[in-house]
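Asks: This is the structure I have questions about; it appears just below.
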Amino acid sequence: MARRPIASPPPARVPAGLLLALISCMSAACRCCSASLDDDVNTFPVSSFSYPETRLRPYDVRYIRVDLPPWFSSLSITLESDVDLGIESIEQVPKGTLPMICFRDGSPPLPDVSSTSVNGLVLGSLSNQSVERIQGLQNVEQCYPMKKNITIRLTNEQISSGVWYFGLFNGVGPMRTQSKMIVRGPAYSFSANVSVEGCKASGMWGQNCNQTVDSLSCSPLESSNITGSIPHVSYNQTRRSVLSCNQTSCFRNGEVKVYTVDIMIMPEELSIIATNLSFSSALSSNTGSVGNISLLCFARYGRIASAALHDYAGTLDGEPLVIQSPRVGRWFITILSANLSKDQGGSKVSDMTVCYSLEVQIAECPLAKAGPNCMWEKYVLQTFLRMSVPFESYYLPVSDKMSSNSANFLLEPLTSNVSSGELNNTWTYTWTYFLLDIPHGAAGGNIHVRLLSDTKIKYEIYARFGGLPSLYSWDYYYANKTRSSDDSMLFKMYNSSEEKIDFYIIYAREGTWGFGLRHAISSSSKDQTTMSISLERCPRRCSYHGDCKYAYDASGLTTYSFCSCDRNHGGFDCSIEIVSHQGHVLQSIFLIASNAAAILPAYWALRQKAFAEWVLFTSSGISSGLYHACDVGTWCALSFSVLQFMDFWLSFMAVVSTFVYLTTINEVHKRTIHTAVAILTALLAITKATRSANIILVMAIGALGLLVGWLIELSTKYRLLSSSFGLCLNMLDRWRYIGQWLPNLVKRFFRRFRWGFLMAGFVALAMAGISWKLETSESYWIWHSLWHVTIYTSSFFFLCSKANPINGDDQRPLDANYELTRQNSPE
């Protein structure tokens, strides 16, 4: 009885560019949004959130979750950032470091899984195509360059109710998750305002809540025996239940009628039937049969259906429009007439009214059955939590046909099958279904599916969110090594072969998922295939090349997992080798051995019997070598955090000690300065040790220590000279002394340093600054190694630049005072 629809069901994969139209209002001025915002008399604010200014460092990510109730009318998002990239600038920035914003329905976007999102990144101005072109966005994410001001308004005609996520990224790609000692690159800050509007009146819909929508109420029909209708196959009769939703309506020419029906559990089919069609016109009060007049029916999941935007379409001229395995949720049904004009007395009558009775039937199989005539097996999977990790679990079928003490279960006792006498050429494949639930707040988890057999696996597996999958309706699938969803955005295969199927659905949506196994009908089989389905935090445990961590979105309602990889690997699952074994060895040698340059300043300090400086430079070189040995994964003498603190703290102390060494103050004052500096640098090293500002702060502290040392030195000498003067000098004598003291001070300053070494120290310091500036994630090992050599060499030159004190310089003021005393002597 099913009539073939005019338009076949849409495929699960939607072109990546479709979301471009969805955010056509996304611009600094948002000109296209202002017109629709004027008509808000039918709406009311449902919720409003403001996210404070947040700073994103390179390779950081932030997720924002928005919950849309069934009665929402529009979603408005306003973002402000300090990103100021023009079209020309965007095209020159590598996509791996480009700040961007990504959208996805149901779960957080993750463009690192597939290059589809990044390769489809739209540069330049956004499209102005009409919002009437927008289609479904299931399993689609799209990314756009971040701008200074972004305003987005999405209506209930464009997106469905439920959970929406948008993520802000400061660079994507394999290196985003790679472990880095120091992160270089520009950061940006953003703030966001999110508001949701709802329709005031029930039964109203549309972006301005001006479209009347009738909600169909359903009641169960009497159960009826359904006999298998597959040719040449005789099935046993199986009982199923049917919900019937009825309403009688009339509409005039040019009008449409919109209905909604809510599906609560996974049904087998949804049938839409129109009966008792009749018409009347203004020229004739008689009501007659419709004749050649037919009704057009458009059905759409989650949004209002129209002739331009629909999932299914058909004509209701005696045969129903049948939708197989519809998704759970709200469906919209739009009815309009194909031809509302009829000849009456030789004249065309266009002012006609058509009446009809609409009936929507929802056929549901028993709990353990599915498919045509409810002859296929369906199992609800029970959740078993893994208490060690939040939201991790595995699933096992609720059935007396099997028992399992592990996370794996045998398929053969559970699969749908028929006897060998019923095998025929027209129906050689059957399906077995499994249903599981992803809990609320776990959209940042990953569904792991694995099949393992001793022989060639004879199963094809299909997955679908909110409904039972089929050959024509699925979200992800795997048939064989050449036919799968491996090019999908959030589908990842791992080492699959003829004997093994292993894949992940990344960041699975929260709710009910249906998995279908398509396999050949067989009377007997000696094959044994085990299957496991689990919810895991990180795919493949980060490939054993990193640590699995988890965080919360900005609202705190969803937890998502991510991998923090080691120095040699990257990617969302740490499966991409960024540094080869040979490169790892080379980087280790450079980063560790370059700290041998600390021998130079340590040797000179020891030669000058500056034992405090000798201990500092020696300890700094050793701790830096141990830290980098642990950082590159060679060997960790202590924990990473301890080694990092020791490296940065001793390095900071060595820099400041070099400045203090250039003074000639006594040891008491030096110990005082070193103690104060040790406290300050320890605070810097323990709080955000790797930030770039620390270098400037340490140099400033060192310069301040040098200045304080010089002031102490000058004040001490001035006090001694003043006490030697006594009160015997008149004002003229004092000015004469100052005139002699200042040139002597300048001479002592120039004689204090070996200027050749001092200039060499500044040149080495400049080279260290250039090396620090040129450090990137790719070239970090070479430039940071050069930084070790140049910074220690500059300290060596600065230490060598200090000249030995000249006694005559210190005595000259006293000689002058002595001469003045002799001149004033009465002798």
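Here's how to read the names in the structure tokens: chain A, B, ... by the order shown, residue numbers from 1 in each chain, ligand numbers from 1 in the order shown.
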Compile the contact shell of region 250-253 of chain A as a PyMOL selection string: residues with an atom at most 6 Å away, counting only C-alpha atoms, same-chain residues fewer than 3 positions apart removed.

Replies: chain A and resi 340+352-355

Asks: What does the file look like for those residues with all heavy atoms, as a PDB file, in the first residue's frame?

Replies:
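Okay, again.pdb is ready:
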ATOM      1  N   LEU A 340      -6.239  23.757  -7.239  1.00  0.00           N
ATOM      2  CA  LEU A 340      -7.497  24.181  -6.638  1.00  0.00           C
ATOM      3  C   LEU A 340      -8.302  25.039  -7.610  1.00  0.00           C
ATOM      4  O   LEU A 340      -8.700  26.147  -7.319  1.00  0.00           O
ATOM      5  CB  LEU A 340      -7.232  24.967  -5.356  1.00  0.00           C
ATOM      6  CG  LEU A 340      -7.198  24.150  -4.067  1.00  0.00           C
ATOM      7  CD1 LEU A 340      -7.042  25.069  -2.872  1.00  0.00           C
ATOM      8  CD2 LEU A 340      -8.439  23.309  -3.923  1.00  0.00           C
ATOM      9  N   MET A 352     -11.875  28.247  -4.221  1.00  0.00           N
ATOM     10  CA  MET A 352     -12.441  26.980  -3.794  1.00  0.00           C
ATOM     11  C   MET A 352     -11.894  26.609  -2.411  1.00  0.00           C
ATOM     12  O   MET A 352     -10.859  27.068  -1.994  1.00  0.00           O
ATOM     13  CB  MET A 352     -12.084  25.867  -4.787  1.00  0.00           C
ATOM     14  CG  MET A 352     -12.618  26.090  -6.193  1.00  0.00           C
ATOM     15  SD  MET A 352     -12.089  24.767  -7.295  1.00  0.00           S
ATOM     16  CE  MET A 352     -12.814  23.358  -6.473  1.00  0.00           C
ATOM     17  N   THR A 353     -12.648  25.801  -1.737  1.00  0.00           N
ATOM     18  CA  THR A 353     -12.260  25.281  -0.426  1.00  0.00           C
ATOM     19  C   THR A 353     -12.273  23.762  -0.477  1.00  0.00           C
ATOM     20  O   THR A 353     -13.246  23.165  -0.949  1.00  0.00           O
ATOM     21  CB  THR A 353     -13.209  25.769   0.679  1.00  0.00           C
ATOM     22  OG1 THR A 353     -13.202  27.192   0.706  1.00  0.00           O
ATOM     23  CG2 THR A 353     -12.785  25.216   2.027  1.00  0.00           C
ATOM     24  N   VAL A 354     -11.191  23.183  -0.025  1.00  0.00           N
ATOM     25  CA  VAL A 354     -11.071  21.725  -0.016  1.00  0.00           C
ATOM     26  C   VAL A 354     -11.069  21.257   1.431  1.00  0.00           C
ATOM     27  O   VAL A 354     -10.375  21.827   2.282  1.00  0.00           O
ATOM     28  CB  VAL A 354      -9.789  21.266  -0.730  1.00  0.00           C
ATOM     29  CG1 VAL A 354      -9.545  19.777  -0.521  1.00  0.00           C
ATOM     30  CG2 VAL A 354      -9.893  21.545  -2.213  1.00  0.00           C
ATOM     31  N   CYS A 355     -11.832  20.226   1.708  1.00  0.00           N
ATOM     32  CA  CYS A 355     -11.883  19.618   3.029  1.00  0.00           C
ATOM     33  C   CYS A 355     -11.409  18.166   2.933  1.00  0.00           C
ATOM     34  O   CYS A 355     -11.582  17.514   1.892  1.00  0.00           O
ATOM     35  CB  CYS A 355     -13.298  19.670   3.612  1.00  0.00           C
ATOM     36  SG  CYS A 355     -13.920  21.357   3.855  1.00  0.00           S
TER      37      CYS A 355
END

Asks: Go ahead and compute the interatomic distance for CA of Leu410 (chain A) and CA of Gln528 (chain A), in Å to one decimal.

Replies: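 Between CA of Leu410 (chain A) and CA of Gln528 (chain A) the gap works out to 6.8 Å.
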
Asks: CA of Pro539 (chain A) and CA of Tyr780 (chain A), how far apart in Å?

Replies: 28.2 Å
